[in-house]
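Enquirer: Quick one: the structure is below, and I'll ask about it shortly.
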Amino acid sequence: MRIIGHRGARGEAPENTLGGFQYLRQLGVRAVEFDVRQLHDGQLIVIHDDDFVRTTGQSQLVESCTLAEAQQFDHRLQWSNWTTAEYTPSLCQVLRCLSDFEHLEVEVKAVVDDAAAKRLILQLQQDLQGFENTACITSFDVKILAALQQQQSHFKRGLLVELPIGAYAIELADQYGCCQIGWHDQLASDELIRQTQQAGLNISIWTVNDVERAKHLQQLGVQGLITDVPQTMLQQLVL
């Protein structure tokens, strides 16, 4: 089972930051999940929320910013002991940092319509050139998955599931040409995991911070464990 750092290592370092990704590398982890959104000028940045309030204290919507504006915001609001400034990273900056990683789960956040999905995917595929063997583009938003399918993307894709739709999610994943499902941990029953495996889909479970739960998922043959606390998992799991 692969340990995958959630937003870098959000329980141990500022989330979705270059410093957080470098921290993950120093642990020896070479698998990561992070979030992508598109700015007003078309550039892609790595951030979870649709605004900067929670991580920087700045009341600004992501979609209204240019890259130059976004990169003025420091994401250490909840990390007073983190000594290095962590300005909003562009996707390209993050990918340079992760050039030797073995597995990237690139979560594209929801967009307003099909046109926005297409714009984002065109830029994303351009930025991800060279990462075809390691990147899997994931999303809760089927508009994103449909855009990838319509453009006959060569990138692997995965459906993220946080609602209790059961086996219907497996049908959706097949419909949109996905190779994996990312199940919310609370939904991931042993039976649902078994059904997903029978469908030939890889599985990532998020977000798992309990060691005993992680051990159980490992026994079930889950491929990816997305966790806020990769250091803890490295120390406690036999991989």
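Starting from 1 in every chain, residues are counted up; chains themselves are A, B, ... following the order of the structure tokens, and ligands are numbered from 1 as listed.
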Check range 19-205 of chain A with DSSP on the backbone and list each residue it calls strand (DSSP E), as a PyMOL selection string.
Expert: chain A and resi 31-38+44-46+103-108+135-139+156-161+180-184+202-205
Enquirer: Export C-alpha atoms of the chosen residues as a tab-separated table (two decimals), in the first residue's frame?
Expert:
chain	number	residue	atom	x	y	z
A	31	ALA	CA	3.45	9.98	-3.47
A	32	VAL	CA	1.25	13.03	-2.96
A	33	GLU	CA	-2.25	14.42	-3.41
A	34	PHE	CA	-2.87	18.12	-4.03
A	35	ASP	CA	-5.59	20.45	-5.32
A	36	VAL	CA	-5.71	22.59	-8.45
A	37	ARG	CA	-7.77	25.66	-9.34
A	38	GLN	CA	-7.67	28.07	-12.27
A	44	LEU	CA	-3.24	27.10	-12.43
A	45	ILE	CA	-2.36	27.22	-8.76
A	46	VAL	CA	-2.31	24.62	-6.01
A	103	HIS	CA	2.63	9.05	-7.89
A	104	LEU	CA	0.70	12.32	-8.12
A	105	GLU	CA	-3.02	12.58	-7.46
A	106	VAL	CA	-3.97	15.91	-9.00
A	107	GLU	CA	-7.40	16.84	-7.67
A	108	VAL	CA	-9.22	19.36	-9.83
A	135	ALA	CA	-0.03	11.74	-12.60
A	136	CYS	CA	-3.66	10.75	-12.13
A	137	ILE	CA	-6.19	13.57	-12.54
A	138	THR	CA	-9.00	13.17	-10.01
A	139	SER	CA	-12.21	15.07	-9.32
A	156	LYS	CA	-5.12	8.55	-16.05
A	157	ARG	CA	-8.23	9.80	-14.26
A	158	GLY	CA	-10.06	8.97	-11.07
A	159	LEU	CA	-13.48	9.65	-9.58
A	160	LEU	CA	-13.60	11.03	-6.04
A	161	VAL	CA	-16.62	10.03	-3.94
A	180	GLN	CA	-9.44	4.45	-9.93
A	181	ILE	CA	-11.88	5.61	-7.29
A	182	GLY	CA	-10.97	7.75	-4.32
A	183	TRP	CA	-13.40	6.77	-1.56
A	184	HIS	CA	-14.05	8.91	1.49
A	202	ASN	CA	-7.52	0.99	-8.16
A	203	ILE	CA	-8.51	2.50	-4.82
A	204	SER	CA	-7.32	5.45	-2.79
A	205	ILE	CA	-8.95	6.09	0.59
Enquirer: For the structure I just gave you, how does DSSP split range 61-226 of chain A - specifically, which residues are helix (DSSP H, G or I)? Reply as a PyMOL selection string.
Expert: chain A and resi 62-64+67-70+91-97+114-127+142-150+168-175+185-187+190-198+211-220
Enquirer: Using only C-alpha atoms, pick whichever of A:Val211, A:Leu145, A:Ala169, A:Ala13 has the shortest atom-to-atom distance to Thr232 in chain A.
Expert: A:Val211
Enquirer: Excluding Gln93 in chain A and any residue of its chain fewer than 5 positions from it, enumerate the residues within 12 Å of it, using only C-alpha atoms, and give them as a list in words.
Expert: Asn16, Thr17, Leu18, Gly19, Phe21, Gln22, Gln43, Leu44, Ile45, Val46, Leu67, Gln71, Tyr87, Thr88, Leu98, Ser99, Asp127 and Leu128 of chain A
Enquirer: Give me, as a ChimeraX atom specification, all polymer residues having an atom no more than 6 Å from Trp206 in chain A, counting only C-alpha atoms and skipping those fewer than 2 positions away in the same chain.
Expert: /A:184-185,208,226
Enquirer: If I take CA of Phe155 in chain A and CA of Glu132 in chain A, how far is one from the other in Å, to one decimal?
Expert: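 These atoms are spaced 5.7 Å apart.
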Enquirer: Tell me which protein, DNA and RNA residues are within 12 Å of His216 in chain A, counting only C-alpha atoms, leaving out same-chain ones fewer than 5 positions away, and put them as a ChimeraX atom specification.
Expert: /A:1,185,188-190,193,205,208,210-211,221-222,225,237
Enquirer: Calculated over only C-alpha atoms, which of the candidates A:Glu12, A:Gln129, A:Glu63, A:Gln218 has the smallest distance to Gln78 in chain A?
Expert: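 Nearest to Gln78 in chain A: A:Glu12.
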Enquirer: Nearest to Leu95 in chain A among A:Glu69, A:Asp113, A:Thr134, A:Val62, with distances taken over only C-alpha atoms: which residue is it?
Expert: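 Going through A:Glu69, A:Asp113, A:Thr134, A:Val62 one by one, the smallest distance to Leu95 in chain A is for A:Thr134.
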Enquirer: What does the distance between CA of Met233 in chain A and CA of Glu162 in chain A come to in Å, to one decimal place?
Expert: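 Distance reported for this atom pair: 22.8 Å.
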